[in-house]
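Please read the structure below before turning to the comments.
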Amino acid sequence: MKTQVAIIGGGPSGLLLSQLLSTVGIDSVVLERKTKDYVLGRIRAGVLEQGLVGMLEEAGCADRLHAEGHVHDGALLSYGDETFRVDFKGLVDASVVVYGQTEVTRDLYDARERAGGEIVFEVENVQIHGADEDAPFVTYDKDGEAHRIDCDFIAGCDGFHGVSRQAIPLSVRREYEKIYPFGWLGVLSETPPVHDELIYANSERGFALCSMRNDHLSRYYIQCSLSETPADWTDAAFWEELKRRIPTDMAAKLVTGPSIEKSIAPLRSLVTEPMRWGRLFLCGDAAHIVPPTGAKGLNTAASDVHYLFQGLKSYYRDKDPAGIDGYSANALRRVWKVERFSWWFSSLLHRYPDQSPFDLKMQIAELDFLRSNEAAQLAMAQNYVGLPY
């Protein structure tokens, strides 16, 4: 098999890149290790920046998003007895859209299938060859048979545990990492959201987040120890702990119910440099991971796709290699700013085991400054709705 761009990973970033490439006549093949149903069963965040919404529109995949997504013009933050709202619309004239990552992925799959896009599921033993040469290719096994794809370029959209990042030699690759000393216990429930915007809570008992998927599906999180497991938490215990951490008026109207999904996610910050090696390009979690506090994982993957798509489009349309040559530097410039925001927002809201009384006072002072200072809220709003590409 031969194609122009071999895309490893059939999640939202790989699918978005494939769909965008098809709009300008660039051929691609997507390889996915799991089944389509497995990919669509993964529960992920669903706060979409304006940049990602625009890219989905460009890809022809935003109709259902606009019909079913919830536009959020701000968010609530609380600490102690204080609650305040950061008004994104008023500060930067922009919003975010709450629309589940699963639904984004479903829309992209539907678009690729309508366009006759080539997606190969349940591939095994994927290997990248000749990425630093002029004729790269990818091999894989499918149903016990060996296959090969010759291509011009390879896009690694296969996440942290995929083969793409590992294909860059250690003599070239450098990784920067921070491990956070806590996790998030998340619960999905078929209940109405407690509020029509997200609530980020800093409490003496630890962080909490009230989020949603739609009018009848809510997503809640509380900070927990990494030594805990979901089995350690009954539904009743989770709801009681959540109520202790969020504003009193919100706790009073919280609708509880059986959890339909419960999991614990560790938090980490990770950046891999460079994001390009020869004709191999890393996108999304294959290159970087952010703590989920600012909902930047999917959005940052989308910004990578933007830079790569623009570079490939110029290469094939105009024979101009500047975009692909500058891909890593351009993507990383934005990635590090997003990492900074996610690190700052996490530091603002969580309780750390080694915090001194002074550290706690500084954390509250930072929150109080954010509550009372419009310039600080402006900076937060600019980052939250998404930095420009």
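Residue numbers start at 1 in each chain; chains themselves are named A, B, ... in the order of the structure tokens; ligands are numbered from 1 in the order shown.
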Expected answer as an NGL selection string: strand (DSSP E or B) residues in region 96-281 of chain A: :A and (96-98 or 118-120 or 124-129 or 137-142 or 145-150 or 153-156 or 174-189 or 199-203 or 206-214 or 217-224 or 259-273 or 276-277 or 280-281)
May I have the selected residues written with C-alpha atoms, as an mmCIF file, in the first residue's frame?
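Final output, part_15.cif:
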data_model
loop_
_atom_site.group_PDB
_atom_site.id
_atom_site.type_symbol
_atom_site.label_atom_id
_atom_site.label_comp_id
_atom_site.auth_asym_id
_atom_site.auth_seq_id
_atom_site.Cartn_x
_atom_site.Cartn_y
_atom_site.Cartn_z
ATOM 1 C CA VAL A 96 -15.562 27.525 25.049
ATOM 2 C CA VAL A 97 -17.921 24.739 24.020
ATOM 3 C CA VAL A 98 -18.670 21.731 26.207
ATOM 4 C CA GLU A 118 -8.869 4.394 4.853
ATOM 5 C CA ILE A 119 -8.852 3.410 8.561
ATOM 6 C CA VAL A 120 -7.348 0.069 9.555
ATOM 7 C CA GLU A 124 -0.491 -5.087 15.790
ATOM 8 C CA ASN A 125 3.292 -4.797 15.819
ATOM 9 C CA VAL A 126 3.343 -1.348 14.195
ATOM 10 C CA GLN A 127 6.885 -0.295 13.326
ATOM 11 C CA ILE A 128 8.301 2.859 11.769
ATOM 12 C CA HIS A 129 11.142 2.521 9.280
ATOM 13 C CA PHE A 137 7.455 3.260 5.542
ATOM 14 C CA VAL A 138 5.344 1.663 8.226
ATOM 15 C CA THR A 139 4.835 -2.054 8.770
ATOM 16 C CA TYR A 140 2.112 -3.732 10.809
ATOM 17 C CA ASP A 141 0.322 -7.016 11.291
ATOM 18 C CA LYS A 142 -3.386 -7.486 10.726
ATOM 19 C CA GLU A 145 -0.655 -11.114 7.976
ATOM 20 C CA ALA A 146 2.183 -8.616 7.526
ATOM 21 C CA HIS A 147 1.478 -5.327 5.745
ATOM 22 C CA ARG A 148 3.541 -2.365 4.609
ATOM 23 C CA ILE A 149 2.633 1.257 3.863
ATOM 24 C CA ASP A 150 5.064 3.359 1.841
ATOM 25 C CA PHE A 153 5.459 11.411 5.857
ATOM 26 C CA ILE A 154 4.393 9.759 9.125
ATOM 27 C CA ALA A 155 2.197 11.443 11.746
ATOM 28 C CA GLY A 156 2.500 9.889 15.189
ATOM 29 C CA ARG A 174 14.692 14.814 25.340
ATOM 30 C CA GLU A 175 11.770 14.631 27.776
ATOM 31 C CA TYR A 176 10.760 17.105 30.482
ATOM 32 C CA GLU A 177 8.413 15.714 33.116
ATOM 33 C CA LYS A 178 6.660 16.630 36.348
ATOM 34 C CA ILE A 179 4.682 14.057 38.350
ATOM 35 C CA TYR A 180 2.005 15.457 40.650
ATOM 36 C CA PRO A 181 1.585 13.808 44.087
ATOM 37 C CA PHE A 182 -2.154 13.186 43.737
ATOM 38 C CA GLY A 183 -4.798 11.988 41.317
ATOM 39 C CA TRP A 184 -8.359 12.760 40.291
ATOM 40 C CA LEU A 185 -11.213 10.454 41.230
ATOM 41 C CA GLY A 186 -13.814 10.994 38.524
ATOM 42 C CA VAL A 187 -17.455 9.947 38.493
ATOM 43 C CA LEU A 188 -19.864 10.033 35.552
ATOM 44 C CA SER A 189 -23.548 10.047 36.471
ATOM 45 C CA ILE A 199 -17.021 25.013 39.032
ATOM 46 C CA TYR A 200 -13.370 24.777 40.104
ATOM 47 C CA ALA A 201 -13.076 24.477 43.884
ATOM 48 C CA ASN A 202 -10.085 24.869 46.200
ATOM 49 C CA SER A 203 -10.998 23.584 49.639
ATOM 50 C CA GLY A 206 -8.552 19.234 48.363
ATOM 51 C CA PHE A 207 -9.590 20.164 44.850
ATOM 52 C CA ALA A 208 -12.986 19.461 43.275
ATOM 53 C CA LEU A 209 -14.444 20.068 39.823
ATOM 54 C CA CYS A 210 -18.072 20.083 38.710
ATOM 55 C CA SER A 211 -18.385 19.529 34.978
ATOM 56 C CA MET A 212 -20.879 18.040 32.545
ATOM 57 C CA ARG A 213 -21.355 16.274 29.233
ATOM 58 C CA ASN A 214 -24.928 17.402 28.541
ATOM 59 C CA LEU A 217 -24.971 13.643 32.101
ATOM 60 C CA SER A 218 -22.593 15.103 34.691
ATOM 61 C CA ARG A 219 -18.900 14.606 35.355
ATOM 62 C CA TYR A 220 -17.469 15.303 38.809
ATOM 63 C CA TYR A 221 -13.930 15.027 40.174
ATOM 64 C CA ILE A 222 -12.226 15.202 43.538
ATOM 65 C CA GLN A 223 -8.524 15.223 44.329
ATOM 66 C CA CYS A 224 -7.441 11.924 45.878
ATOM 67 C CA SER A 259 -22.176 6.279 39.013
ATOM 68 C CA ILE A 260 -22.013 4.810 35.516
ATOM 69 C CA GLU A 261 -18.226 5.183 35.356
ATOM 70 C CA LYS A 262 -15.650 5.709 38.083
ATOM 71 C CA SER A 263 -11.896 5.999 37.649
ATOM 72 C CA ILE A 264 -8.747 7.540 39.084
ATOM 73 C CA ALA A 265 -6.363 9.441 36.810
ATOM 74 C CA PRO A 266 -2.825 10.417 37.845
ATOM 75 C CA LEU A 267 -1.643 13.917 36.937
ATOM 76 C CA ARG A 268 1.531 14.664 35.062
ATOM 77 C CA SER A 269 3.162 17.278 32.855
ATOM 78 C CA LEU A 270 5.365 15.996 30.027
ATOM 79 C CA VAL A 271 6.955 17.532 26.946
ATOM 80 C CA THR A 272 9.057 15.692 24.363
ATOM 81 C CA GLU A 273 11.491 17.624 22.198
ATOM 82 C CA ARG A 276 9.804 16.179 14.451
ATOM 83 C CA TRP A 277 12.490 13.709 13.451
ATOM 84 C CA LEU A 280 8.101 11.670 11.453
ATOM 85 C CA PHE A 281 5.937 14.216 13.272
#
Residues near region 66-75 of chain A, cut-off 7 Å, only C-alpha atoms, skip fewer than 3 positions along chain, as a PyMOL selection string: chain A and resi 62-63+85-89+95-99+197-199
How would the residues just chosen look if you wrote them out with C-alpha atoms as a compact mmCIF listing (two decimals), in the first residue's frame?
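out-v4.txt was written with the following content:
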# COMPACT_ATOMS: atom_id res chain seq x y z
CA ALA A 62 -19.15 20.73 13.42
CA ASP A 63 -22.88 20.47 12.65
CA ARG A 85 -16.87 34.07 38.15
CA VAL A 86 -14.33 34.69 35.39
CA ASP A 87 -16.27 36.13 32.47
CA PHE A 88 -14.57 34.88 29.31
CA LYS A 89 -17.03 36.56 26.98
CA SER A 95 -16.17 31.25 24.79
CA VAL A 96 -15.56 27.53 25.05
CA VAL A 97 -17.92 24.74 24.02
CA VAL A 98 -18.67 21.73 26.21
CA TYR A 99 -18.99 18.75 23.87
CA GLU A 197 -20.89 26.43 33.94
CA LEU A 198 -17.88 24.58 35.35
CA ILE A 199 -17.02 25.01 39.03
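The residue that comes closest to Tyr109 (chain A), out of A:Arg334, A:Lys36, A:His288, A:Arg44 and on the basis of only C-alpha atoms, is A:Lys36.
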Residue with smallest distance to Leu15 (chain A) - pool A:Thr35, A:Leu360, A:Tyr79, A:Asp107, counting only C-alpha atoms: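 That would be A:Asp107, the residue with the smallest distance to Leu15 (chain A).
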Test item: residues at most 7 Å from region 379-381 of chain A, only C-alpha atoms, excluding those fewer than 3 positions along its chain, as a list in words: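 Near neighbours after the sequence-gap exclusion: Phe88, Leu91, Val92, Ala375, Ala376, Tyr384 and Val385 of chain A.
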Go ahead and dump the residues you just picked, N, CA and C atoms, as a PDB file, in the first residue's frame.
ATOM      1  N   PHE A  88     -15.356  34.982  30.534  1.00  0.00           N
ATOM      2  CA  PHE A  88     -14.570  34.881  29.308  1.00  0.00           C
ATOM      3  C   PHE A  88     -15.117  35.802  28.219  1.00  0.00           C
ATOM      4  N   LEU A  91     -14.430  39.464  28.990  1.00  0.00           N
ATOM      5  CA  LEU A  91     -13.020  39.831  29.037  1.00  0.00           C
ATOM      6  C   LEU A  91     -12.327  39.731  27.682  1.00  0.00           C
ATOM      7  N   VAL A  92     -12.595  38.667  26.943  1.00  0.00           N
ATOM      8  CA  VAL A  92     -11.865  38.442  25.687  1.00  0.00           C
ATOM      9  C   VAL A  92     -12.791  38.186  24.498  1.00  0.00           C
ATOM     10  N   ALA A 375      -6.988  42.337  35.388  1.00  0.00           N
ATOM     11  CA  ALA A 375      -5.872  41.953  34.522  1.00  0.00           C
ATOM     12  C   ALA A 375      -5.528  40.483  34.710  1.00  0.00           C
ATOM     13  N   ALA A 376      -5.587  40.007  35.960  1.00  0.00           N
ATOM     14  CA  ALA A 376      -5.324  38.589  36.226  1.00  0.00           C
ATOM     15  C   ALA A 376      -6.403  37.721  35.595  1.00  0.00           C
ATOM     16  N   TYR A 384      -7.634  30.190  28.924  1.00  0.00           N
ATOM     17  CA  TYR A 384      -8.666  29.170  29.038  1.00  0.00           C
ATOM     18  C   TYR A 384      -9.413  28.983  27.703  1.00  0.00           C
ATOM     19  N   VAL A 385      -9.742  30.079  27.032  1.00  0.00           N
ATOM     20  CA  VAL A 385     -10.462  29.930  25.759  1.00  0.00           C
ATOM     21  C   VAL A 385      -9.550  29.491  24.635  1.00  0.00           C
TER      22      VAL A 385
END
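For the set A:Asp359, A:Asp134, A:Asp81, A:Asp93, the residue with the smallest atom-to-atom gap to Gln382 (chain A) is A:Asp93, counting only C-alpha atoms.
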Shell of 10 Å around Gly9 (chain A), only C-alpha atoms, local chain residues under 5 positions omitted, as a list in words: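 Contacts, with the query itself left out: Gly14, Leu15, Val30, Leu31, Glu32, Arg33, Lys34, Ile119, Val120, Phe121, Ala155, Gly156, Cys157, Asp158, Gly159, Gly162, Val163, Ser164, Cys283 and Ala286 of chain A.
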Alpha helix (DSSP H) per DSSP on the backbone: members of region 41-270 of chain A, as a ChimeraX atom specification: /A:50-58,63-68,88-92,101-114,163-167,235-245,248-253
